[in-house]
Amino acid sequence: MIVCIGEILKPEQLQRVRVALDSGAFEDGRKSAGWHARLVKNNEQMQMADQKAQALRAEVEKALTGHPVFQMAARPAKMTPILFSRYRDGMTYGNHVDDPVMGRGAGRLRTDISFTLFLDDPESYDGGELVTDTSAGEQSYKLPAGSAVIYPSSTLHRVEPVTRGQRRVAIGWIQSTIREPAQREVLFDLDTARRQLFDREGKTAEFDLLTKSLANLQRQWVEL
Ligand code: NI
């Protein structure tokens with residue numbers, strides 16, 4: 001299940017993030033890539049120790065994790081620190097699959113879900129589509145600024161070359177409390193249906209049964 005979530009960052013937040021990124025210190029993104037991804041990775045990442053990066057990360061993380069659709073789709077247990085990436089001057093990231101385990105010590109996690117939060121208006125740059133390669137074929141994502149796509153980390157994906165302007169994104173990885181993508185999809189669908197039913201008819205007996213099923217399926221599947 002690949003889910004696009006709109007308007008995670010408000011226009012004034014986006015503006016603040018962009019201004020901070022304009023003066024941030026970036027380094028070669030190959031530093032944080034595994035040996036095979038390094039062969040196809042050509043982008044820049046904001047330096048993790050940068051003071052500005054820390055405040056920005058906290059703001060973006062709060063907006064993302066506070067979004068109800070993100071919670072329903074990802075059901076996060078742990079999340080990596082958010083990374084700010086920049087692509088310009090033909091930069092690209094060829095086909096790769098993200099590392100299955102990331103982080104160190106208490107921050108170590110299994111990557112179940114990857115996300116990309118777009119920070120620049122799609123009209124302001126050419127190229128830079130995130131392309132996922134699944135059994136259903138290739139799918140291309142170039143979302144409005146402030147919107148995010150979340151997808152299973154098991155997916156082969158790439159970023160097309162940026163041939164004009166710059167593509168800046170906030171990215172990160174999540175260990176979900178629900179490990180299996182198919183199970184996450186069942187919970188997402190049930191939760192969506194029950195909320196729509198609630199909006200239409202209120203707290204009916206049918207709503208209560210759906211809520212019970214949702215809770216009890218989570219009880220069977222959840223990993224804390
Ligand atoms: Ni990737």
# chains A, B, ... in the order shown; residues from 1 in each chain; ligands from 1
>>> closest_atom_pairs(of="chain A", to="ligand 1", cutoff="12 Å", atoms="only C-alpha atoms and all ligand atoms", output="JSON lines")
{"residue": "A:Gly29", "atom": "CA", "partner": "ligand 1", "partner_atom_place_in_ligand_line": "1 (Ni)", "distance": 11.5}
{"residue": "A:Arg30", "atom": "CA", "partner": "ligand 1", "partner_atom_place_in_ligand_line": "1 (Ni)", "distance": 12.0}
{"residue": "A:Ser32", "atom": "CA", "partner": "ligand 1", "partner_atom_place_in_ligand_line": "1 (Ni)", "distance": 11.1}
{"residue": "A:Ala33", "atom": "CA", "partner": "ligand 1", "partner_atom_place_in_ligand_line": "1 (Ni)", "distance": 9.3}
{"residue": "A:Gly34", "atom": "CA", "partner": "ligand 1", "partner_atom_place_in_ligand_line": "1 (Ni)", "distance": 10.8}
{"residue": "A:His36", "atom": "CA", "partner": "ligand 1", "partner_atom_place_in_ligand_line": "1 (Ni)", "distance": 11.9}
{"residue": "A:Ala37", "atom": "CA", "partner": "ligand 1", "partner_atom_place_in_ligand_line": "1 (Ni)", "distance": 8.5}
{"residue": "A:Arg38", "atom": "CA", "partner": "ligand 1", "partner_atom_place_in_ligand_line": "1 (Ni)", "distance": 11.1}
{"residue": "A:Val40", "atom": "CA", "partner": "ligand 1", "partner_atom_place_in_ligand_line": "1 (Ni)", "distance": 10.6}
{"residue": "A:Lys41", "atom": "CA", "partner": "ligand 1", "partner_atom_place_in_ligand_line": "1 (Ni)", "distance": 9.1}
{"residue": "A:Asn42", "atom": "CA", "partner": "ligand 1", "partner_atom_place_in_ligand_line": "1 (Ni)", "distance": 11.8}
{"residue": "A:Asn43", "atom": "CA", "partner": "ligand 1", "partner_atom_place_in_ligand_line": "1 (Ni)", "distance": 11.6}
{"residue": "A:Leu83", "atom": "CA", "partner": "ligand 1", "partner_atom_place_in_ligand_line": "1 (Ni)", "distance": 11.8}
{"residue": "A:Ser85", "atom": "CA", "partner": "ligand 1", "partner_atom_place_in_ligand_line": "1 (Ni)", "distance": 11.2}
{"residue": "A:Thr92", "atom": "CA", "partner": "ligand 1", "partner_atom_place_in_ligand_line": "1 (Ni)", "distance": 11.2}
{"residue": "A:Tyr93", "atom": "CA", "partner": "ligand 1", "partner_atom_place_in_ligand_line": "1 (Ni)", "distance": 7.9}
{"residue": "A:Gly94", "atom": "CA", "partner": "ligand 1", "partner_atom_place_in_ligand_line": "1 (Ni)", "distance": 9.0}
{"residue": "A:Asn95", "atom": "CA", "partner": "ligand 1", "partner_atom_place_in_ligand_line": "1 (Ni)", "distance": 8.2}
{"residue": "A:His96", "atom": "CA", "partner": "ligand 1", "partner_atom_place_in_ligand_line": "1 (Ni)", "distance": 6.3}
{"residue": "A:Val97", "atom": "CA", "partner": "ligand 1", "partner_atom_place_in_ligand_line": "1 (Ni)", "distance": 5.9}
{"residue": "A:Asp98", "atom": "CA", "partner": "ligand 1", "partner_atom_place_in_ligand_line": "1 (Ni)", "distance": 4.9}
{"residue": "A:Asp99", "atom": "CA", "partner": "ligand 1", "partner_atom_place_in_ligand_line": "1 (Ni)", "distance": 8.3}
{"residue": "A:Pro100", "atom": "CA", "partner": "ligand 1", "partner_atom_place_in_ligand_line": "1 (Ni)", "distance": 11.0}
{"residue": "A:Thr111", "atom": "CA", "partner": "ligand 1", "partner_atom_place_in_ligand_line": "1 (Ni)", "distance": 11.0}
{"residue": "A:Ile113", "atom": "CA", "partner": "ligand 1", "partner_atom_place_in_ligand_line": "1 (Ni)", "distance": 10.6}
{"residue": "A:Ser114", "atom": "CA", "partner": "ligand 1", "partner_atom_place_in_ligand_line": "1 (Ni)", "distance": 7.5}
{"residue": "A:Phe115", "atom": "CA", "partner": "ligand 1", "partner_atom_place_in_ligand_line": "1 (Ni)", "distance": 9.0}
{"residue": "A:Thr116", "atom": "CA", "partner": "ligand 1", "partner_atom_place_in_ligand_line": "1 (Ni)", "distance": 9.2}
{"residue": "A:Leu130", "atom": "CA", "partner": "ligand 1", "partner_atom_place_in_ligand_line": "1 (Ni)", "distance": 9.2}
{"residue": "A:Val131", "atom": "CA", "partner": "ligand 1", "partner_atom_place_in_ligand_line": "1 (Ni)", "distance": 10.2}
{"residue": "A:Thr132", "atom": "CA", "partner": "ligand 1", "partner_atom_place_in_ligand_line": "1 (Ni)", "distance": 9.8}
{"residue": "A:Asp133", "atom": "CA", "partner": "ligand 1", "partner_atom_place_in_ligand_line": "1 (Ni)", "distance": 11.9}
{"residue": "A:Ile150", "atom": "CA", "partner": "ligand 1", "partner_atom_place_in_ligand_line": "1 (Ni)", "distance": 11.5}
{"residue": "A:Tyr151", "atom": "CA", "partner": "ligand 1", "partner_atom_place_in_ligand_line": "1 (Ni)", "distance": 10.4}
{"residue": "A:Pro152", "atom": "CA", "partner": "ligand 1", "partner_atom_place_in_ligand_line": "1 (Ni)", "distance": 10.6}
{"residue": "A:Ser153", "atom": "CA", "partner": "ligand 1", "partner_atom_place_in_ligand_line": "1 (Ni)", "distance": 7.9}
{"residue": "A:Ser154", "atom": "CA", "partner": "ligand 1", "partner_atom_place_in_ligand_line": "1 (Ni)", "distance": 9.9}
{"residue": "A:Thr155", "atom": "CA", "partner": "ligand 1", "partner_atom_place_in_ligand_line": "1 (Ni)", "distance": 8.8}
{"residue": "A:Leu156", "atom": "CA", "partner": "ligand 1", "partner_atom_place_in_ligand_line": "1 (Ni)", "distance": 8.0}
{"residue": "A:His157", "atom": "CA", "partner": "ligand 1", "partner_atom_place_in_ligand_line": "1 (Ni)", "distance": 6.4}
{"residue": "A:Arg158", "atom": "CA", "partner": "ligand 1", "partner_atom_place_in_ligand_line": "1 (Ni)", "distance": 6.7}
{"residue": "A:Val159", "atom": "CA", "partner": "ligand 1", "partner_atom_place_in_ligand_line": "1 (Ni)", "distance": 8.3}
{"residue": "A:Ile171", "atom": "CA", "partner": "ligand 1", "partner_atom_place_in_ligand_line": "1 (Ni)", "distance": 8.9}
{"residue": "A:Gly172", "atom": "CA", "partner": "ligand 1", "partner_atom_place_in_ligand_line": "1 (Ni)", "distance": 9.3}
{"residue": "A:Trp173", "atom": "CA", "partner": "ligand 1", "partner_atom_place_in_ligand_line": "1 (Ni)", "distance": 9.6}
>>> write_last_selection(atoms="N, CA and C atoms", output="compact mmCIF listing (two decimals), in the first residue's frame")
# COMPACT_ATOMS: atom_id res chain seq x y z
N GLY A 29 25.54 13.13 -0.28
CA GLY A 29 24.64 12.10 0.25
C GLY A 29 25.22 10.70 0.20
N ARG A 30 26.29 10.51 -0.57
CA ARG A 30 26.87 9.15 -0.68
C ARG A 30 27.42 8.65 0.65
N SER A 32 26.02 8.43 3.44
CA SER A 32 25.10 7.62 4.23
C SER A 32 24.49 6.47 3.43
N ALA A 33 25.12 6.12 2.31
CA ALA A 33 24.56 5.03 1.49
C ALA A 33 25.39 3.76 1.64
N GLY A 34 24.73 2.62 1.53
CA GLY A 34 25.43 1.34 1.54
C GLY A 34 26.26 1.20 0.26
N HIS A 36 26.28 -0.64 -2.41
CA HIS A 36 25.68 -0.75 -3.75
C HIS A 36 24.83 0.46 -4.09
N ALA A 37 24.16 1.06 -3.04
CA ALA A 37 23.37 2.27 -3.28
C ALA A 37 24.29 3.44 -3.63
N ARG A 38 25.51 3.41 -3.08
CA ARG A 38 26.48 4.49 -3.34
C ARG A 38 26.80 4.61 -4.83
N VAL A 40 24.74 4.45 -7.23
CA VAL A 40 23.68 5.13 -7.99
C VAL A 40 23.17 6.39 -7.28
N LYS A 41 23.72 6.69 -6.09
CA LYS A 41 23.23 7.83 -5.32
C LYS A 41 24.06 9.07 -5.61
N ASN A 42 23.39 10.14 -6.01
CA ASN A 42 24.08 11.41 -6.25
C ASN A 42 23.15 12.53 -5.79
N ASN A 43 23.22 12.87 -4.51
CA ASN A 43 22.42 13.99 -3.99
C ASN A 43 23.19 14.62 -2.84
N LEU A 83 15.74 13.33 7.62
CA LEU A 83 16.90 13.74 6.83
C LEU A 83 16.42 14.70 5.75
N SER A 85 17.15 16.15 2.15
CA SER A 85 17.95 15.89 0.95
C SER A 85 17.70 16.96 -0.09
N THR A 92 20.55 12.70 -9.06
CA THR A 92 19.59 11.60 -9.21
C THR A 92 19.92 10.53 -8.17
N TYR A 93 19.00 9.61 -8.01
CA TYR A 93 19.27 8.44 -7.16
C TYR A 93 18.67 7.24 -7.89
N GLY A 94 19.55 6.44 -8.49
CA GLY A 94 19.09 5.31 -9.31
C GLY A 94 18.40 4.24 -8.49
N ASN A 95 17.90 3.22 -9.19
CA ASN A 95 17.13 2.16 -8.53
C ASN A 95 17.89 1.56 -7.35
N HIS A 96 17.19 1.43 -6.24
CA HIS A 96 17.79 0.81 -5.06
C HIS A 96 16.67 0.39 -4.11
N VAL A 97 17.03 -0.41 -3.13
CA VAL A 97 16.11 -0.72 -2.04
C VAL A 97 16.78 -0.23 -0.77
N ASP A 98 16.00 0.37 0.14
CA ASP A 98 16.58 0.95 1.34
C ASP A 98 17.07 -0.15 2.29
N ASP A 99 18.07 0.19 3.09
CA ASP A 99 18.63 -0.79 4.04
C ASP A 99 17.53 -1.31 4.98
N PRO A 100 17.55 -2.60 5.29
CA PRO A 100 16.50 -3.17 6.16
C PRO A 100 16.63 -2.76 7.62
N THR A 111 13.41 -1.12 9.04
CA THR A 111 12.68 -0.18 8.19
C THR A 111 11.53 -0.92 7.50
N ILE A 113 8.67 1.09 6.58
CA ILE A 113 8.05 2.12 5.74
C ILE A 113 9.06 3.24 5.48
N SER A 114 9.09 3.71 4.24
CA SER A 114 9.90 4.88 3.87
C SER A 114 8.93 6.02 3.55
N PHE A 115 9.36 7.24 3.82
CA PHE A 115 8.51 8.36 3.40
C PHE A 115 9.33 9.48 2.77
N THR A 116 8.69 10.19 1.87
CA THR A 116 9.28 11.37 1.24
C THR A 116 8.26 12.50 1.36
N LEU A 130 9.79 10.68 -7.72
CA LEU A 130 10.08 9.42 -7.02
C LEU A 130 9.33 8.35 -7.80
N VAL A 131 10.06 7.33 -8.28
CA VAL A 131 9.43 6.28 -9.05
C VAL A 131 9.54 4.97 -8.28
N THR A 132 8.39 4.36 -8.00
CA THR A 132 8.40 3.05 -7.34
C THR A 132 8.17 1.97 -8.40
N ASP A 133 8.86 0.86 -8.21
CA ASP A 133 8.80 -0.24 -9.17
C ASP A 133 8.20 -1.44 -8.43
N ILE A 150 4.10 7.75 1.47
CA ILE A 150 4.71 6.71 2.29
C ILE A 150 4.54 5.38 1.58
N TYR A 151 5.60 4.57 1.59
CA TYR A 151 5.59 3.32 0.82
C TYR A 151 6.41 2.27 1.57
N PRO A 152 6.10 0.97 1.31
CA PRO A 152 6.85 -0.07 2.00
C PRO A 152 8.34 0.02 1.64
N SER A 153 9.21 -0.09 2.64
CA SER A 153 10.64 0.02 2.41
C SER A 153 11.17 -1.14 1.56
N SER A 154 10.36 -2.16 1.40
CA SER A 154 10.76 -3.31 0.58
C SER A 154 10.67 -3.01 -0.92
N THR A 155 10.19 -1.82 -1.27
CA THR A 155 9.96 -1.45 -2.67
C THR A 155 11.23 -0.95 -3.35
N LEU A 156 11.49 -1.45 -4.56
CA LEU A 156 12.56 -0.90 -5.39
C LEU A 156 12.11 0.49 -5.87
N HIS A 157 13.00 1.49 -5.76
CA HIS A 157 12.58 2.85 -6.14
C HIS A 157 13.77 3.68 -6.59
N ARG A 158 13.48 4.82 -7.19
CA ARG A 158 14.55 5.72 -7.65
C ARG A 158 14.03 7.15 -7.68
N VAL A 159 14.97 8.09 -7.82
CA VAL A 159 14.61 9.50 -8.02
C VAL A 159 15.16 9.92 -9.37
N ILE A 171 13.05 13.18 4.34
CA ILE A 171 12.82 11.74 4.22
C ILE A 171 13.09 11.05 5.56
N GLY A 172 12.57 9.84 5.70
CA GLY A 172 12.82 9.09 6.91
C GLY A 172 12.25 7.69 6.80
N TRP A 173 12.49 6.89 7.85
CA TRP A 173 12.08 5.49 7.86
C TRP A 173 11.40 5.16 9.18
>>> residues_around(residues="Gln51 (chain A)", least_positions_apart="3", cutoff="12 Å", atoms="only C-alpha atoms", output="PyMOL selection string")
chain A and resi 20-21+23-25+46-48+54-58
>>> write_last_selection(atoms="C-alpha atoms", output="PDB file, in the first residue's frame")
ATOM      1  CA  ALA A  20      16.407  27.493   6.860  1.00  0.00           C
ATOM      2  CA  LEU A  21      17.457  25.013   4.165  1.00  0.00           C
ATOM      3  CA  SER A  23      21.384  28.684   4.527  1.00  0.00           C
ATOM      4  CA  GLY A  24      21.954  25.140   5.818  1.00  0.00           C
ATOM      5  CA  ALA A  25      25.184  23.175   5.381  1.00  0.00           C
ATOM      6  CA  MET A  46      21.863  18.537   5.290  1.00  0.00           C
ATOM      7  CA  GLN A  47      24.529  17.866   7.900  1.00  0.00           C
ATOM      8  CA  MET A  48      22.990  16.081  10.859  1.00  0.00           C
ATOM      9  CA  GLN A  54      17.782  19.737  14.595  1.00  0.00           C
ATOM     10  CA  ALA A  55      15.039  22.338  15.030  1.00  0.00           C
ATOM     11  CA  LEU A  56      13.729  21.701  11.530  1.00  0.00           C
ATOM     12  CA  ARG A  57      13.643  17.966  12.085  1.00  0.00           C
ATOM     13  CA  ALA A  58      11.603  18.407  15.253  1.00  0.00           C
TER      14      ALA A  58
END
>>> select_by_dssp(residues="region 76-211 of chain A", states="helix (DSSP H, G or I)", output="PyMOL selection string")
chain A and resi 105-107+122-124+181-201+205-211
>>> closest_residue(among="A:Arg75, A:Arg168, A:Lys31, A:Lys10", to="Asp112 (chain A)", atoms="only C-alpha atoms")
A:Arg75
>>> closest_residue(among="A:Glu59, A:Asp89, A:Arg194, A:Gly127", to="Ser140 (chain A)", atoms="only C-alpha atoms")
A:Gly127
>>> atom_distance(atom1="CA of Ala148 (chain A)", atom2="CA of Arg108 (chain A)")
23.5 Å
>>> closest_residue(among="A:Pro161, A:Gly202, A:Pro181, A:Gly146", to="Ile2 (chain A)", atoms="only C-alpha atoms")
A:Pro181
>>> closest_atom_pairs(of="region 134-191 of chain A", to="region 204-217 of chain A", cutoff="12 Å", atoms="only C-alpha atoms", output="CSV")
residue,atom,partner,partner_atom,distance
A:Ile178,CA,A:Leu217,CA,10.3
A:Gln183,CA,A:Leu217,CA,8.9
A:Arg184,CA,A:Leu217,CA,10.3
A:Glu185,CA,A:Leu214,CA,11.7
A:Val186,CA,A:Leu214,CA,9.0
A:Leu187,CA,A:Leu214,CA,6.4
A:Phe188,CA,A:Leu214,CA,9.3
A:Asp189,CA,A:Leu214,CA,9.8
A:Leu190,CA,A:Leu214,CA,6.6
A:Asp191,CA,A:Leu214,CA,7.0
>>> closest_residue(among="A:Arg16, A:Val222, A:Ile8, A:Arg167", to="Gly66 (chain A)", atoms="only C-alpha atoms")
A:Ile8
>>> closest_residue(among="A:Gly6, A:Gly165, A:Pro76, A:Pro68", to="Gly128 (chain A)", atoms="only C-alpha atoms")
A:Gly165
>>> select_by_dssp(residues="region 21-203 of chain A", states="strand (DSSP E or B)", output="ChimeraX atom specification")
/A:26-28,41-42,44-46,76-79,83-88,92-96,101-102,109-110,113-118,126-127,130-134,137-141,148-152,156-159,162-164,166-176
>>> write_last_selection(atoms="C-alpha atoms", output="mmCIF file, in the first residue's frame")
data_model
loop_
_atom_site.group_PDB
_atom_site.id
_atom_site.type_symbol
_atom_site.label_atom_id
_atom_site.label_comp_id
_atom_site.auth_asym_id
_atom_site.auth_seq_id
_atom_site.Cartn_x
_atom_site.Cartn_y
_atom_site.Cartn_z
ATOM 1 C CA PHE A 26 24.838 20.253 2.967
ATOM 2 C CA GLU A 27 27.200 17.359 2.301
ATOM 3 C CA ASP A 28 27.519 14.579 -0.257
ATOM 4 C CA LYS A 41 23.232 7.833 -5.317
ATOM 5 C CA ASN A 42 24.076 11.406 -6.250
ATOM 6 C CA GLU A 44 23.168 16.224 -1.027
ATOM 7 C CA GLN A 45 22.032 15.942 2.573
ATOM 8 C CA MET A 46 21.863 18.537 5.290
ATOM 9 C CA PRO A 76 4.747 3.869 13.867
ATOM 10 C CA ALA A 77 6.705 2.242 16.690
ATOM 11 C CA LYS A 78 10.027 3.973 15.969
ATOM 12 C CA MET A 79 11.243 6.488 13.464
ATOM 13 C CA LEU A 83 16.900 13.736 6.828
ATOM 14 C CA PHE A 84 16.799 16.724 4.486
ATOM 15 C CA SER A 85 17.952 15.890 0.950
ATOM 16 C CA ARG A 86 18.594 18.174 -1.974
ATOM 17 C CA TYR A 87 18.845 17.342 -5.685
ATOM 18 C CA ARG A 88 19.993 19.866 -8.313
ATOM 19 C CA THR A 92 19.595 11.604 -9.213
ATOM 20 C CA TYR A 93 19.273 8.437 -7.157
ATOM 21 C CA GLY A 94 19.094 5.314 -9.312
ATOM 22 C CA ASN A 95 17.134 2.160 -8.533
ATOM 23 C CA HIS A 96 17.787 0.808 -5.058
ATOM 24 C CA VAL A 101 18.067 -2.053 9.448
ATOM 25 C CA MET A 102 19.124 1.485 10.272
ATOM 26 C CA LEU A 109 15.156 -0.053 13.885
ATOM 27 C CA ARG A 110 13.790 -2.283 11.143
ATOM 28 C CA ILE A 113 8.048 2.125 5.743
ATOM 29 C CA SER A 114 9.898 4.878 3.869
ATOM 30 C CA PHE A 115 8.515 8.358 3.398
ATOM 31 C CA THR A 116 9.275 11.372 1.238
ATOM 32 C CA LEU A 117 7.836 14.761 2.160
ATOM 33 C CA PHE A 118 8.126 17.219 -0.722
ATOM 34 C CA ASP A 126 11.997 19.631 -13.677
ATOM 35 C CA GLY A 127 12.468 15.917 -13.053
ATOM 36 C CA LEU A 130 10.080 9.424 -7.024
ATOM 37 C CA VAL A 131 9.426 6.275 -9.054
ATOM 38 C CA THR A 132 8.402 3.046 -7.338
ATOM 39 C CA ASP A 133 8.797 -0.237 -9.169
ATOM 40 C CA THR A 134 6.230 -2.746 -7.910
ATOM 41 C CA GLY A 137 4.412 -1.631 -12.655
ATOM 42 C CA GLU A 138 6.116 1.711 -12.192
ATOM 43 C CA GLN A 139 4.406 4.569 -10.425
ATOM 44 C CA SER A 140 5.684 8.147 -10.380
ATOM 45 C CA TYR A 141 5.236 10.654 -7.519
ATOM 46 C CA ALA A 148 4.179 13.195 1.509
ATOM 47 C CA VAL A 149 4.173 9.720 0.036
ATOM 48 C CA ILE A 150 4.710 6.713 2.292
ATOM 49 C CA TYR A 151 5.589 3.319 0.824
ATOM 50 C CA PRO A 152 6.852 -0.074 1.999
ATOM 51 C CA LEU A 156 12.563 -0.896 -5.391
ATOM 52 C CA HIS A 157 12.577 2.848 -6.144
ATOM 53 C CA ARG A 158 14.552 5.722 -7.648
ATOM 54 C CA VAL A 159 14.611 9.496 -8.022
ATOM 55 C CA VAL A 162 16.612 16.985 -11.597
ATOM 56 C CA THR A 163 17.324 19.026 -14.741
ATOM 57 C CA ARG A 164 16.080 22.461 -13.579
ATOM 58 C CA GLN A 166 16.119 22.121 -6.957
ATOM 59 C CA ARG A 167 14.149 19.337 -5.331
ATOM 60 C CA ARG A 168 14.304 19.376 -1.552
ATOM 61 C CA VAL A 169 12.607 16.707 0.484
ATOM 62 C CA ALA A 170 12.382 15.493 4.069
ATOM 63 C CA ILE A 171 12.824 11.743 4.225
ATOM 64 C CA GLY A 172 12.821 9.087 6.915
ATOM 65 C CA TRP A 173 12.076 5.495 7.856
ATOM 66 C CA ILE A 174 9.640 3.917 10.236
ATOM 67 C CA GLN A 175 9.445 0.670 12.123
ATOM 68 C CA SER A 176 5.741 -0.026 12.276
#
>>> atom_distance(atom1="CA of Arg179 (chain A)", atom2="CA of Ala193 (chain A)")
21.6 Å
>>> closest_residue(among="A:Met72, A:Glu160, A:Gln196, A:Arg104", to="Gly90 (chain A)", atoms="only C-alpha atoms")
A:Glu160
>>> atom_distance(atom1="CA of Ala49 (chain A)", atom2="CA of Thr80 (chain A)")
14.7 Å
>>> residues_around(residues="Leu14 (chain A)", least_positions_apart="2", cutoff="9 Å", atoms="only C-alpha atoms", output="list in words")
Leu9, Lys10, Pro11, Glu12, Arg16, Val17, Arg18, Val19, Leu119, Asp120, Ala145 and Gly146 of chain A
>>> write_last_selection(atoms="N, CA and C atoms", output="mmCIF file, in the first residue's frame")
data_model
loop_
_atom_site.group_PDB
_atom_site.id
_atom_site.type_symbol
_atom_site.label_atom_id
_atom_site.label_comp_id
_atom_site.auth_asym_id
_atom_site.auth_seq_id
_atom_site.Cartn_x
_atom_site.Cartn_y
_atom_site.Cartn_z
ATOM 1 N N LEU A 9 2.491 20.030 5.954
ATOM 2 C CA LEU A 9 3.073 21.303 6.405
ATOM 3 C C LEU A 9 2.231 22.453 5.861
ATOM 4 N N LYS A 10 1.951 23.416 6.713
ATOM 5 C CA LYS A 10 1.204 24.607 6.297
ATOM 6 C C LYS A 10 2.141 25.522 5.492
ATOM 7 N N PRO A 11 1.566 26.409 4.649
ATOM 8 C CA PRO A 11 2.417 27.285 3.823
ATOM 9 C C PRO A 11 3.461 28.051 4.633
ATOM 10 N N GLU A 12 3.081 28.556 5.820
ATOM 11 C CA GLU A 12 4.064 29.333 6.592
ATOM 12 C C GLU A 12 5.168 28.432 7.157
ATOM 13 N N ARG A 16 9.240 28.665 6.225
ATOM 14 C CA ARG A 16 10.266 28.683 7.259
ATOM 15 C C ARG A 16 11.311 27.586 7.003
ATOM 16 N N VAL A 17 10.825 26.412 6.627
ATOM 17 C CA VAL A 17 11.733 25.288 6.365
ATOM 18 C C VAL A 17 12.637 25.611 5.180
ATOM 19 N N ARG A 18 12.053 26.167 4.124
ATOM 20 C CA ARG A 18 12.850 26.483 2.922
ATOM 21 C C ARG A 18 13.918 27.523 3.218
ATOM 22 N N VAL A 19 13.555 28.554 3.981
ATOM 23 C CA VAL A 19 14.526 29.606 4.317
ATOM 24 C C VAL A 19 15.684 28.998 5.112
ATOM 25 N N LEU A 119 9.173 19.397 -0.381
ATOM 26 C CA LEU A 119 9.279 20.736 0.202
ATOM 27 C C LEU A 119 9.252 21.860 -0.836
ATOM 28 N N ASP A 120 9.469 21.527 -2.113
ATOM 29 C CA ASP A 120 9.448 22.558 -3.157
ATOM 30 C C ASP A 120 8.245 22.354 -4.075
ATOM 31 N N ALA A 145 4.190 20.780 -2.653
ATOM 32 C CA ALA A 145 5.000 21.053 -1.466
ATOM 33 C C ALA A 145 4.142 20.884 -0.217
ATOM 34 N N GLY A 146 4.701 20.209 0.785
ATOM 35 C CA GLY A 146 3.970 19.977 2.030
ATOM 36 C C GLY A 146 3.266 18.635 2.075
#
